[in-house]
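Asks: Next up is a structure, given as C-alpha cells.
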Amino acid sequence: MSLEKLSELVEAGEAEETKMLTEQLLRDGTDPLEMIETLTKTMAHVGELFARLDIFLPEIMLSGEALTEAVNVLAPYLEASGGREIKGKVILGVVKGDLHEIGKNIVKLILETNGFIVKDLGYNVDSLDFVKEAEAMGADFIASSSLMTTTMPRQLEIIEILKSKGIRDKYKVVIGGAPTSQLWADKIGADLFCYDAKSAPELFTAILADN
Amino acid sequence: MSTLYRHWEIIDRARTGKFMDEEDFLPRHFSPTLKKLIKKYEIKYDPKNPSPTDDAMADRIWQAAWDLFREVGYYNTDSHRIIEVTDEEIKEALYMASDQYVVGGGKDARVMKHRSVEDPEPPFCIMSPDITVDEKYHQSMCMAYLKEPLLDGLCGPILEETFGHLIESGGPTEISGCIQHIQNQKMAARLLGRPDTFMVAVGTAEHDSGQIAVSNDEWGVQKTDARLVGSLTEFKTADTLLNRSLHYAQYGCYTGSLTGAIYGGWCGGSEGTAITTVAYSLIGLVIHGAMFNQHFPFHLNYVSNTTRELLWPISMAGQALARNSNLLYTSNGFANAGPMTEMLFREVAVHAMVSTVSSWHLWEMASTRNKYRNRATPLEARLGCEVGHAVARQKMSREQANEIANKLLAKYEDHAADAPMGSEYHECYDTAKAVPTVEHMDMFRRIKDEIAQMGVEFPY
C-alpha cells in the first residue's frame with residue numbers, strides 16, 4: 001500500500017477504497033501532509049485530463065468524491081499539524097431566473113479540489129441571498145454564473161446591493177457563464193471575469209494576491 | 001396530432017413520481033445508466049468517420065436511447081420527482097406522431113416531413129443567428145434572414161435591451177422585449193412580402209411569462225408558428241418549462257423541443273451524446289407533445305458541434321431516428337469561428353452536409369460559439385442550406401459526405417480552440433438594406449467554389 005496507490009484510487013474515483021487506504025496509511029504512520037500533497041497533485045492531473053476532455057464530467061466528479069473521502073479522514077490530523085492551506089472562501093451560485101448549472105458545478109469542483117472552501121447556493125438564487133450568505137460565511141469571493149443574456153443583469157444587481165449596503169470592497173465579485181465577458185465585467189464593475197472553469201483557481205488566487 | 005392527450009397525466013407524474021434528491025439524479029442515476037447502456041449495446045465512436053454508415057449501430061443507439069428514457073425518466077427540479085413513462089406509452093406516442101405538418105400560412109406555407117437517411121428530398125431549412133443583437137440591428141437582421149431564398153422558417157435574433165432598458169428574465173422588460181421581438185420579425189416578413197412565413201419565436205423569452213405574452217394570432221406568434229420548450233442539462237425540467245408546453249398546446253401553435261446534449265458533460269463522450277440526443281427526441285414527443293425536436297449537441301469546452309467528436313453523434317443520432325421513427329428533427333449548427341471567416345463557411349458546410357445525409361432537417365447557424373452579440377449573419381446560414389439542398393438533390397451517400405467532410409475538417413479542425421471571431425453583423429452587412437457587403441459575398445463565393453470542386457453539386 002502506497003501513496004501511489006492512493007493516487008490511483010482517487011483518479012479512478014473509488015471513494016470507499018480511497019477512504020480505507022487513507023485510514024490504512026495513517027495507521028502505518030504516513031505523514032498526513034505528505035498525503036495531502038500527493039492528493040493535490042493527483043487532482044491537478046485529473047483536472048488537466050478533464051480540461052482536455054480525455055476524461056468527462058462523471059469521471060472527475062467521482063475523483064472529487066474520492067478526494068473528499070480522503071480529506072475527511074485526514075482532517076483531524078491536518079488540524080493538529082497546522083491545518084490544510086485554505087486559499088479562499090467562495091460563495092457560488094447561478095443568478096435568479098437562471099436554471100442552468102453545469103458550468104457552476106464544474107467551477108465548484110475545480111475550486112474545492114484546489115484548496116478553496118466553496119458554499120454552493122445552487123441555481124435561481126436571489127441577488128440578496130448571495131450577499132447575505134457571503135456575510136454569514138465571511139467569504140472572500142462572491143461568484144455568480146449566468147447562462148442567459150436576460151439573467152446577466154442579476155450580476156449587476158449583486159454589485160448594486162453590495163454598494164447599497166456599503167460593503168462593496170469586502171468582497172471580490174466574480175462573474176462567469178457563457179454570455180458573459182470581460183466587457184460585461186468592466187461595465188458592471190466586477191473584479192474578475194472567470195472565462196473558464198479550469199482557470200478559476202489560478203485567477204482567484206491571483207486576484208487575492210493582488211490585494 | 002401531438003401527444004398532448006397525455007399532458008395531464010405527465011403533469012400529475014411531475015408531482016407524484018419517484019422522489020430523488022437533485023444532487024443524486026445525474027451522478028448516481030443518469031450517468032451510470034447511460035454508461036451501462038453504452039456497454040450493453042456496444043456503442044463505439046469512430047473518429048475516422050464523421051459521417052458513418054453503420055446501420056446496425058444506429059439501430060442499437062435507438063434501442064439504448066429508448067432504454068435510457070424509460071429507465072432514467074425525466075426529473076422535475078421543482079418537485080424533485082421523476083416523470084416515468086412505460087414502453088407502451090412510448091410506442092403509442094410514436095404511432096400517433098404525424099410524419100408531416102403544414103407550417104406557416106397562405107402562400108408562405110411549407111410542409112415539413114420526415115426524412116430518411118440519404119433522402120433526395122431537400123431538408124426543411126430554419127435559419128437563425130441564435131444570438132443576441134443590438135436593438136438597432138434587430139429588425140434589419142430579421143429582414144436579412146427573410147431575404148434568404150431557401151429559408152423555410154425563421155427564428156429571429158434575441159434582444160438584450162428594449163427601448164434602452166436591459167431585459168431581465170421574469171420581469172416586465174422581458175414581456176416588452178418579447179412583444180418587440182415578434183413584432184419586428186412579423187413586420188420584416190410583411191415588408192418583404194412573405195408575411196405568413198413560419199416562425200419559431202420568441203428567443204428573447206427566457207421565462208414562461210414572456211412566451212405567454214406573445215401568443216396572439218393577429219399581432220404575435222400565430223398558431224401556424226412554433227415555439228420551443230427547453231430542457232435542463234441533462235434530462236431535467238422545471239415547472240416554468242412544463243408551463244410552456246401546456247400553454248403552447250392550449251393556445252394551438254406548434255411545439256418544438258429544444259435540447260443540447262453536452263459532449264464532455266454528464267453524457268460523457270460521443271457515444272453518450274448520440275444516445276442522449278435520440279432519447280431527447282422521445283422526451284420531446286412524449287413529455288412535451290413536440291411536433292419537432294430541435295437538437296444542438298455541443299462540446300463542453302468549445303460550445304460548438306462542427307468537430308468530428310460531435311459530427312459523429314449528430315450523424316448517428318439522425319440515422320437512428322430516421323430508421324426507427326417517423327419523427328421530425330432539426331440539426332442546429334454551432335460553429336467555432338465568427339462571421340466573414342473562411343473557417344465559419346467551412347464549418348457550416350460540413351455540419352449541413354453531414355446532417356442532411358443523415359436525415360436531419362437544418363437549423364443554421366450559431367456562429368462564434370453562440371456567445372457574442374451581433375456575431376452571426378444570414379450568409380453562413382445560406383451556405384449551409386445550399387449545401388443541404390445540393391447534397392440531397394444529388395443523392396449524396398454517407399460515404400461521399402464522409403470523404404468531403406474529412407477534407408474540410410482538415411482545413412479547420414486544429415483551430416477549434418483558437419478560431420477567429422470574425423466580424424459583427426454591421427461590419428459585413430449593409431444594415432440599412434439588409435444585404436451582405438461585397439467583401440463578404442466574395443468570401444462566400446470563394447468557399448462555395450472550393451466546396452463545389454470537392455463534389456457538392458450546387459443547383460445554382
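In the C-alpha cells, each chain is lettered A, B, ... as it comes, each chain's residues begin at 1, and ligands are numbered from 1 in order of appearance.
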Compute the set of chain A residues within 7 Å of chain B, using only C-alpha atoms, and express it as a PyMOL selection string.
Replies: chain A and resi 53+56-58+97+100+149-151+153+178-179
Asks: Do a neighbour search on region 279-296 of chain B at 6 Å with only C-alpha atoms, toss out local chain neighbours closer than 5 positions, and write the hits as a PyMOL selection string.
Replies: chain B and resi 2-4+65+69+245+255-260+328-332
Asks: Residues of region 76-270 of chain B classed as strand (DSSP E or B) by DSSP on the backbone are to be reported as a ChimeraX atom specification.
Replies: /B:76,81-83,100-103,110-113,125-127,132-133,153-154,158-159,161-162,165-166,198-200,215,221,226-230,232,236-237,254-259,262-263
Asks: Report as a list of chain:residue names all protein, DNA and RNA residues lying within 12 Å of Gly29 (chain A), evaluated on only C-alpha atoms, omitting residues in the same chain fewer than 6 positions from it.
Replies: A:Ser2, A:Thr22, A:Glu23, A:Met35, A:Tyr77
Asks: Keeping C-alpha atoms for every residue in the selection just given, could you write it to a file as an mmCIF file, in the first residue's frame?
Replies:
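So the final result, stored in again_1.cif, reads:
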```cif
data_model
loop_
_atom_site.group_PDB
_atom_site.id
_atom_site.type_symbol
_atom_site.label_atom_id
_atom_site.label_comp_id
_atom_site.auth_asym_id
_atom_site.auth_seq_id
_atom_site.Cartn_x
_atom_site.Cartn_y
_atom_site.Cartn_z
ATOM 1 C CA SER A 2 1.450 3.323 -1.026
ATOM 2 C CA THR A 22 -6.192 6.621 3.690
ATOM 3 C CA GLU A 23 -7.020 5.139 7.087
ATOM 4 C CA MET A 35 -0.695 12.510 1.679
ATOM 5 C CA TYR A 77 -4.663 15.096 11.664
#
```
Asks: If we count only C-alpha atoms and set the cut-off at 10 Å, which residues sit around region 19-21 of chain A, ignoring sequence neighbours fewer than 4 positions away in its own chain? Please answer as a list of chain:residue names.
Replies: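 Those residues are A:Met1, A:Ser2, A:Leu3, A:Lys5, A:Leu6, A:Leu9, A:Val10, A:Glu14, A:Ala15, A:Leu25, A:Leu26, A:Arg27, A:Ala66, A:Leu67, A:Thr68, A:Glu69, A:Ala70, A:Val71, A:Asn72, A:Val73, A:Leu74.
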Asks: Considering only C-alpha atoms, state which residue in the set A:Ala75, A:Gly115, A:Lys96, A:Glu85 is at the smallest distance from Pro201 (chain A).
Replies: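 Closest residue, counting only C-alpha atoms: A:Gly115.
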Asks: Of the candidates A:Leu33, A:Val131, A:Ile60, A:Ala51, which one gets nearest to Ala143 (chain A) if we count only C-alpha atoms?
Replies: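 Answer, going by the shortest atom-to-atom distance: A:Val131.
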Asks: Residues within 10 Å of Glu309 (chain B), please, as a list in words. Count only C-alpha atoms; anything in the same chain fewer than 3 positions from it doesn't count.
Replies: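 Counting only C-alpha atoms, the residues come to Tyr45, Asp46, Pro47, Lys48, Asn49, Pro50, Tyr263, Gly269, Ser270, Glu271, Thr273, Phe298, His299, Asn305, Thr306, Trp312, Pro313 and Ile314 of chain B.
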Asks: Give me a file of those residues, with C-alpha atoms, as a tab-separated table (two decimals), in the first residue's frame.
Replies:
```
chain	number	residue	atom	x	y	z
B	45	TYR	CA	-17.26	6.10	-31.52
B	46	ASP	CA	-15.28	6.01	-34.76
B	47	PRO	CA	-13.23	9.21	-35.11
B	48	LYS	CA	-12.25	8.45	-38.70
B	49	ASN	CA	-15.82	8.66	-39.90
B	50	PRO	CA	-17.75	11.83	-39.10
B	263	TYR	CA	-20.28	16.26	-25.03
B	269	GLY	CA	-18.20	11.16	-24.93
B	270	SER	CA	-19.57	10.83	-28.44
B	271	GLU	CA	-21.40	7.58	-27.74
B	273	THR	CA	-24.04	12.21	-26.74
B	298	PHE	CA	-22.30	20.64	-28.30
B	299	HIS	CA	-18.75	20.42	-26.98
B	305	ASN	CA	-20.59	20.93	-32.88
B	306	THR	CA	-18.57	21.09	-36.07
B	312	TRP	CA	-20.34	11.51	-35.37
B	313	PRO	CA	-23.10	11.62	-32.73
B	314	ILE	CA	-25.14	14.04	-34.86
```
